[in-house]
$ cat data-v4.txt   # compact mmCIF, C-alpha atoms
# COMPACT_ATOMS: atom_id res chain seq x y z
CA MET A 8 100.71 104.26 128.11
CA ILE A 9 100.58 105.68 124.61
CA GLU A 10 102.99 108.16 123.02
CA VAL A 11 100.91 110.85 121.32
CA LEU A 12 102.64 112.89 118.61
CA TYR A 13 101.52 116.12 116.97
CA PHE A 14 102.75 117.63 113.73
CA ALA A 15 102.45 120.95 111.87
CA TRP A 16 99.61 123.19 113.09
CA LEU A 17 98.27 120.50 115.42
CA ARG A 18 101.63 120.63 117.21
CA GLU A 19 101.48 124.41 117.38
CA ARG A 20 97.94 124.42 118.75
CA ALA A 21 98.48 121.58 121.24
CA GLY A 22 101.67 123.34 122.37
CA THR A 23 103.70 120.13 122.34
CA SER A 24 105.20 117.73 119.82
CA ARG A 25 104.77 114.62 121.96
CA GLU A 26 103.36 113.50 125.28
CA SER A 27 102.90 110.21 127.11
CA VAL A 28 99.25 109.57 127.86
CA GLU A 29 97.77 107.10 130.32
CA THR A 30 94.57 105.99 128.65
CA ARG A 31 92.09 103.17 128.35
CA ALA A 32 90.50 104.65 125.22
CA PRO A 33 89.37 101.77 122.99
CA ASN A 34 89.84 103.69 119.74
CA VAL A 35 91.29 106.88 118.27
CA ALA A 36 88.03 108.84 118.54
CA ALA A 37 87.79 108.12 122.28
CA LEU A 38 91.45 109.14 122.72
CA VAL A 39 90.74 112.43 120.92
CA GLU A 40 87.88 113.15 123.34
CA GLU A 41 90.26 112.61 126.28
CA LEU A 42 93.00 114.75 124.72
CA LYS A 43 90.61 117.63 124.10
CA GLY A 44 90.31 118.03 127.89
CA ARG A 45 94.06 118.52 128.37
CA SER A 46 94.14 122.22 127.47
CA GLU A 47 92.44 124.93 125.45
CA GLY A 48 95.11 124.40 122.81
CA HIS A 49 94.32 120.70 122.57
CA ALA A 50 90.61 121.51 122.23
CA LEU A 51 91.45 123.98 119.46
CA ALA A 52 93.70 121.45 117.71
CA PHE A 53 90.83 118.95 117.56
CA SER A 54 88.03 121.45 116.91
CA ASP A 55 87.57 120.32 113.29
CA LEU A 56 88.28 116.62 112.92
CA ARG A 57 87.73 116.74 109.16
CA ALA A 58 91.11 118.51 108.98
CA VAL A 59 92.89 115.92 111.13
CA ARG A 60 94.69 112.82 109.91
CA VAL A 61 95.83 109.96 112.14
CA ALA A 62 98.58 107.36 112.18
CA VAL A 63 98.59 104.45 114.65
CA ASP A 64 102.06 102.96 115.10
CA GLN A 65 103.18 104.90 112.01
CA LYS A 66 100.45 103.60 109.70
CA LEU A 67 97.64 105.80 108.43
CA ALA A 68 94.41 104.99 110.24
CA GLY A 69 90.89 106.28 110.72
CA LEU A 70 89.27 107.81 113.78
CA ASP A 71 87.53 104.49 114.37
CA ALA A 72 90.83 102.57 114.51
CA PRO A 73 91.18 100.44 117.67
CA LEU A 74 94.04 101.20 120.07
CA GLY A 75 94.53 97.77 121.64
CA GLY A 76 98.29 97.36 121.97
CA ALA A 77 99.10 100.59 120.12
CA ARG A 78 102.31 102.31 121.28
CA GLU A 79 102.25 105.50 119.22
CA VAL A 80 99.43 107.64 117.86
CA ALA A 81 100.16 110.68 115.70
CA PHE A 82 97.84 113.53 114.72
CA PHE A 83 98.52 115.85 111.79
CA PRO A 84 96.88 117.85 109.00
CA PRO A 85 96.56 116.49 105.44
CA MET A 86 100.05 115.92 104.09
CA THR A 87 101.69 118.38 101.70
CA GLY A 88 104.91 116.76 100.53
CA GLY A 89 106.53 116.69 97.12
CA MET B 15 115.96 101.06 96.00
CA GLU B 16 117.04 104.04 98.02
CA VAL B 17 115.09 106.46 100.24
CA ARG B 18 116.85 109.53 101.59
CA VAL B 19 115.17 112.04 103.89
CA ASP B 20 117.70 114.68 104.82
CA ALA B 21 117.98 118.33 105.82
CA ALA B 22 121.08 118.80 103.68
CA PRO B 23 120.82 120.26 100.16
CA PHE B 24 121.48 117.90 97.26
CA ASP B 25 122.73 118.31 93.71
CA PRO B 26 120.13 116.98 91.21
CA GLY B 27 122.73 116.66 88.45
CA ALA B 28 125.06 114.58 90.58
CA GLU B 29 122.14 112.43 91.76
CA LEU B 30 121.07 111.71 88.18
CA THR B 31 124.63 110.86 87.14
CA GLY B 32 125.16 108.54 90.11
CA PHE B 33 121.77 106.88 89.71
CA SER B 34 122.19 106.33 85.97
CA ALA B 35 125.57 104.67 86.51
CA GLY B 36 123.93 101.96 88.62
CA VAL B 37 120.85 100.96 86.65
CA GLY B 38 122.40 97.99 84.85
CA GLU B 39 120.56 97.02 81.69
CA ALA B 40 117.70 99.49 82.01
CA GLY B 41 117.00 101.36 78.79
CA ALA B 42 115.16 104.29 80.38
CA VAL B 43 115.93 106.63 83.26
CA VAL B 44 113.40 109.29 84.32
CA SER B 45 113.99 111.94 86.96
CA PHE B 46 111.71 114.55 88.49
CA THR B 47 113.00 117.40 90.64
CA GLY B 48 110.65 119.50 92.80
CA VAL B 49 111.93 123.04 93.40
CA ALA B 50 110.84 125.59 96.02
CA ARG B 51 108.91 128.22 94.06
CA SER B 52 110.04 131.81 94.38
CA ASP B 53 106.73 133.44 93.40
CA GLY B 54 104.79 136.03 95.39
CA GLY B 55 107.46 137.04 97.87
CA MET B 56 108.31 133.55 99.05
CA GLY B 57 111.16 133.71 101.53
CA THR B 58 111.88 130.19 102.73
CA LEU B 59 110.00 126.96 102.89
CA GLU B 60 110.02 124.92 106.10
CA ILE B 61 109.29 121.22 105.82
CA GLU B 62 108.34 119.14 108.83
CA HIS B 63 108.15 115.35 108.68
CA TYR B 64 107.50 112.30 110.82
CA PRO B 65 110.86 110.54 111.25
CA GLY B 66 110.43 106.79 110.93
CA MET B 67 107.03 106.86 109.31
CA THR B 68 108.32 109.01 106.45
CA GLU B 69 110.91 106.44 105.44
CA SER B 70 108.61 103.44 105.85
CA ALA B 71 105.73 105.13 103.98
CA ILE B 72 108.00 105.99 101.03
CA ALA B 73 109.50 102.47 101.05
CA ALA B 74 105.97 101.03 100.85
CA MET B 75 105.15 103.34 97.90
CA ILE B 76 108.32 102.21 96.15
CA GLU B 77 107.43 98.55 96.69
CA GLU B 78 104.02 99.20 95.14
CA ALA B 79 105.62 101.04 92.20
CA ARG B 80 108.11 98.23 91.60
CA GLY B 81 105.30 95.70 91.53
CA ARG B 82 103.21 97.74 89.11
CA PHE B 83 105.84 98.97 86.73
CA GLY B 84 108.66 96.46 86.91
CA LEU B 85 111.36 98.97 87.78
CA SER B 86 114.99 98.01 87.85
CA ALA B 87 116.01 100.87 90.14
CA VAL B 88 114.37 103.66 92.17
CA ARG B 89 115.66 106.51 94.29
CA VAL B 90 113.58 109.01 96.27
CA ILE B 91 115.18 112.02 97.96
CA HIS B 92 113.19 114.49 100.09
CA ARG B 93 114.52 117.33 102.18
CA HIS B 94 113.17 118.64 105.45
CA GLY B 95 113.92 121.76 107.46
CA ARG B 96 114.46 125.22 105.93
CA ILE B 97 114.72 125.45 102.16
CA ALA B 98 115.42 128.69 100.31
CA ALA B 99 113.33 129.67 97.27
CA GLY B 100 114.86 128.17 94.14
CA GLU B 101 116.46 125.21 95.90
CA PRO B 102 115.51 121.60 95.10
CA ILE B 103 113.08 120.08 97.62
CA MET B 104 112.85 116.53 96.39
CA MET B 105 113.72 114.19 93.58
CA VAL B 106 112.33 110.95 92.21
CA LEU B 107 114.46 108.77 89.92
CA THR B 108 113.20 105.65 88.19
CA ALA B 109 114.77 103.20 85.77
CA SER B 110 113.14 100.51 83.68
CA ARG B 111 113.65 98.51 80.50
CA HIS B 112 111.42 100.81 78.44
CA ARG B 113 110.48 104.46 78.86
CA ARG B 114 106.75 104.21 79.60
CA GLU B 115 107.21 102.28 82.85
CA ALA B 116 109.84 104.72 84.11
CA PHE B 117 107.65 107.76 83.30
CA GLU B 118 104.54 106.24 84.85
CA ALA B 119 106.35 105.04 87.95
CA ALA B 120 107.80 108.53 88.50
CA GLU B 121 104.31 110.05 88.25
CA PHE B 122 102.84 107.39 90.48
CA LEU B 123 105.48 108.04 93.14
CA MET B 124 105.00 111.82 92.88
CA ASP B 125 101.23 111.54 93.24
CA TRP B 126 101.56 109.34 96.32
CA LEU B 127 104.34 111.43 97.88
CA LYS B 128 102.24 114.59 97.58
CA SER B 129 99.45 113.43 99.84
CA ARG B 130 100.42 110.16 101.55
CA ALA B 131 103.96 110.73 102.79
CA PRO B 132 104.04 112.55 106.15
CA PHE B 133 105.50 115.91 105.13
CA TRP B 134 104.04 119.34 105.90
CA LYS B 135 105.13 122.60 104.28
CA LYS B 136 105.13 126.00 105.93
CA GLU B 137 105.78 129.12 103.85
CA HIS B 138 107.72 131.95 105.44
CA ARG B 139 107.01 135.27 103.72
CA ALA B 140 107.67 138.89 104.61
CA GLU B 141 104.09 139.23 105.87
CA GLY B 142 104.24 136.11 108.04
CA ALA B 143 104.29 132.33 108.02
CA ALA B 144 101.49 129.96 107.06
CA TRP B 145 101.05 126.20 106.63
CA VAL B 146 100.40 125.17 103.04
CA ALA B 147 96.89 123.75 102.62
CA SER B 148 96.47 120.42 100.88
CA ARG B 149 95.01 120.65 97.38
CA ASP B 150 91.98 118.76 96.16
CA GLU B 151 93.77 118.17 92.85
CA ASP B 152 96.52 116.27 94.65
CA GLU B 153 93.99 113.99 96.29
CA ALA B 154 92.17 113.54 92.98
CA ALA B 155 95.45 112.63 91.28
CA LEU B 156 95.62 109.47 93.39
CA HIS B 157 92.35 108.14 92.05
CA ARG B 158 93.63 107.50 88.57
CA TRP B 159 95.96 104.86 90.00
CA ALA B 160 93.13 102.98 91.67
CA GLY B 161 90.97 100.43 89.93
CA PRO B 162 91.66 96.93 88.58

$ encode --input "data-v4.txt" --output "structure tokens"
Amino acid sequence: MIEVLYFAWLRERAGTSRESVETRAPNVAALVEELKGRSEGHALAFSDLRAVRVAVDQKLAGLDAPLGGAREVAFFPPMTGG
Amino acid sequence: MEVRVDAAPFDPGAELTGFSAGVGEAGAVVSFTGVARSDGGMGTLEIEHYPGMTESAIAAMIEEARGRFGLSAVRVIHRHGRIAAGEPIMMVLTASRHRREAFEAAEFLMDWLKSRAPFWKKEHRAEGAAWVASRDEDEAALHRWAGP
């Protein structure tokens, strides 16, 4: 079970800020493919992956990052702090 | 070292005074305050963040800055939630023995905060709300800190 978090416009499109997902996805990209099937909003959220950033267990990661043992995966747009 | 991520407003003057009182033998204190712009009909700014990761990401940036610039003290404050135009959003304070390290460390921290700390800004204007897009310049600003 992985906690999937969404922030900013990914949260708005997915229609949720977090959800528990039962998955055997080996990496982030495979998880994204599974999540896309959850709803039209999810598909829209992940329609352009160039605009999506990822953190695995609160550390920035790439789409190819492995998920073995990961507890939390977050998806969000490029950050705009400061 | 102090990291504060809070919805409450803060007083930049009081922060600078308090910080300066605790820097020991440092000869230089630099502070930067980011303010919510009030241009073009800006109403309020809404800042979302990733609780937990925000604090650890900023702490890691501070560790890097301390290693590079030999700082004697650092404080980073960043607000989240609704912020009215004209109000302070965030503040970086650095202290070091000489001025150059404090200036450079403050810039380094600002550049990293802009595009590597998990904050997202949404602008609320009369005509509607929109997420602020990331800027290529902010990403480019990080590259000058890379290298040997």

$ interface_residues --input "data-v4.txt" --of "chain A" --to "chain B" --cutoff "8 Å" --atoms "only C-alpha atoms" --output "ChimeraX atom specification"
/A:14-16,65-66,84-89

$ closest_residue --input "data-v4.txt" --among "A:Pro33, A:Arg20, A:Leu74, A:Ala58" --to "Arg45 in chain A" --atoms "all atoms listed in the file"
A:Arg20

$ atom_distance --input "data-v4.txt" --atom1 "CA of Gly69 in chain A" --atom2 "CA of Ala32 in chain A"
14.6 Å

$ residues_around --input "data-v4.txt" --residues "Ser27 in chain A" --least-positions-apart "2" --cutoff "12 Å" --atoms "all atoms listed in the file" --output "PDB file with C-alpha atoms, in the frame of the given file"
ATOM      1  CA  MET A   8     100.710 104.260 128.110  1.00  0.00           C
ATOM      2  CA  ILE A   9     100.580 105.680 124.610  1.00  0.00           C
ATOM      3  CA  GLU A  10     102.990 108.160 123.020  1.00  0.00           C
ATOM      4  CA  VAL A  11     100.910 110.850 121.320  1.00  0.00           C
ATOM      5  CA  LEU A  12     102.640 112.890 118.610  1.00  0.00           C
ATOM      6  CA  TYR A  13     101.520 116.120 116.970  1.00  0.00           C
ATOM      7  CA  THR A  23     103.700 120.130 122.340  1.00  0.00           C
ATOM      8  CA  SER A  24     105.200 117.730 119.820  1.00  0.00           C
ATOM      9  CA  ARG A  25     104.770 114.620 121.960  1.00  0.00           C
ATOM     10  CA  GLU A  29      97.770 107.100 130.320  1.00  0.00           C
ATOM     11  CA  THR A  30      94.570 105.990 128.650  1.00  0.00           C
ATOM     12  CA  LEU A  42      93.000 114.750 124.720  1.00  0.00           C
ATOM     13  CA  ARG A  78     102.310 102.310 121.280  1.00  0.00           C
ATOM     14  CA  GLU A  79     102.250 105.500 119.220  1.00  0.00           C
ATOM     15  CA  VAL A  80      99.430 107.640 117.860  1.00  0.00           C
ATOM     16  CA  ALA A  81     100.160 110.680 115.700  1.00  0.00           C
TER      17      ALA A  81
END

$ axis_aligned_box --input "data-v4.txt" --around "range 54-66 of chain A" --padding-each-side "6 Å" --output "lines of an AutoDock Vina configuration file"
center_x = 95.4
center_y = 112.2
center_z = 112.9
size_x = 27.6
size_y = 30.5
size_z = 19.9

$ closest_residue --input "data-v4.txt" --among "A:Ala72, A:Ala77, A:Leu67, A:Val39" --to "Ala52 in chain A" --atoms "all atoms listed in the file"
A:Val39

$ atom_distance --input "data-v4.txt" --atom1 "CA of Glu115 in chain B" --atom2 "CA of Ala79 in chain B"
9.6 Å

$ residues_near_point --input "data-v4.txt" --point "(109.0, 125.8, 105.1)" --cutoff "7 Å" --atoms "only C-alpha atoms" --output "ChimeraX atom specification"
/B:58-61,95-97,135-138

$ write_last_selection --input "data-v4.txt" --atoms "C-alpha atoms" --output "PDB file, in the coordinates of the input"
ATOM      1  CA  THR B  58     111.880 130.190 102.730  1.00  0.00           C
ATOM      2  CA  LEU B  59     110.000 126.960 102.890  1.00  0.00           C
ATOM      3  CA  GLU B  60     110.020 124.920 106.100  1.00  0.00           C
ATOM      4  CA  ILE B  61     109.290 121.220 105.820  1.00  0.00           C
ATOM      5  CA  GLY B  95     113.920 121.760 107.460  1.00  0.00           C
ATOM      6  CA  ARG B  96     114.460 125.220 105.930  1.00  0.00           C
ATOM      7  CA  ILE B  97     114.720 125.450 102.160  1.00  0.00           C
ATOM      8  CA  LYS B 135     105.130 122.600 104.280  1.00  0.00           C
ATOM      9  CA  LYS B 136     105.130 126.000 105.930  1.00  0.00           C
ATOM     10  CA  GLU B 137     105.780 129.120 103.850  1.00  0.00           C
ATOM     11  CA  HIS B 138     107.720 131.950 105.440  1.00  0.00           C
TER      12      HIS B 138
END

$ atom_distance --input "data-v4.txt" --atom1 "CA of Ala116 in chain B" --atom2 "CA of Leu85 in chain B"
7.0 Å

$ closest_residue --input "data-v4.txt" --among "B:Ala160, B:Val19, B:Ala99, B:Leu107" --to "Arg82 in chain B" --atoms "all atoms listed in the file"
B:Ala160

$ residues_around --input "data-v4.txt" --residues "Pro23 in chain B" --least-positions-apart "3" --cutoff "8 Å" --atoms "all atoms listed in the file" --output "list of chain:residue names"
B:Asp20, B:Arg93, B:Glu101, B:Pro102

$ residues_around --input "data-v4.txt" --residues "Arg113 in chain B" --least-positions-apart "4" --cutoff "12 Å" --atoms "all atoms listed in the file" --output "PyMOL selection string"
chain B and resi 40-45+83-86+108-109+117-120

$ residues_around --input "data-v4.txt" --residues "Gly36 in chain B" --least-positions-apart "2" --cutoff "12 Å" --atoms "all atoms listed in the file" --output "list of chain:residue names"
B:Met15, B:Glu16, B:Glu29, B:Leu30, B:Thr31, B:Gly32, B:Phe33, B:Ser34, B:Gly38, B:Glu39, B:Ala40, B:Val43, B:Ser86, B:Ala87, B:Val88, B:Arg89, B:Leu107, B:Thr108, B:Ala109, B:Ser110
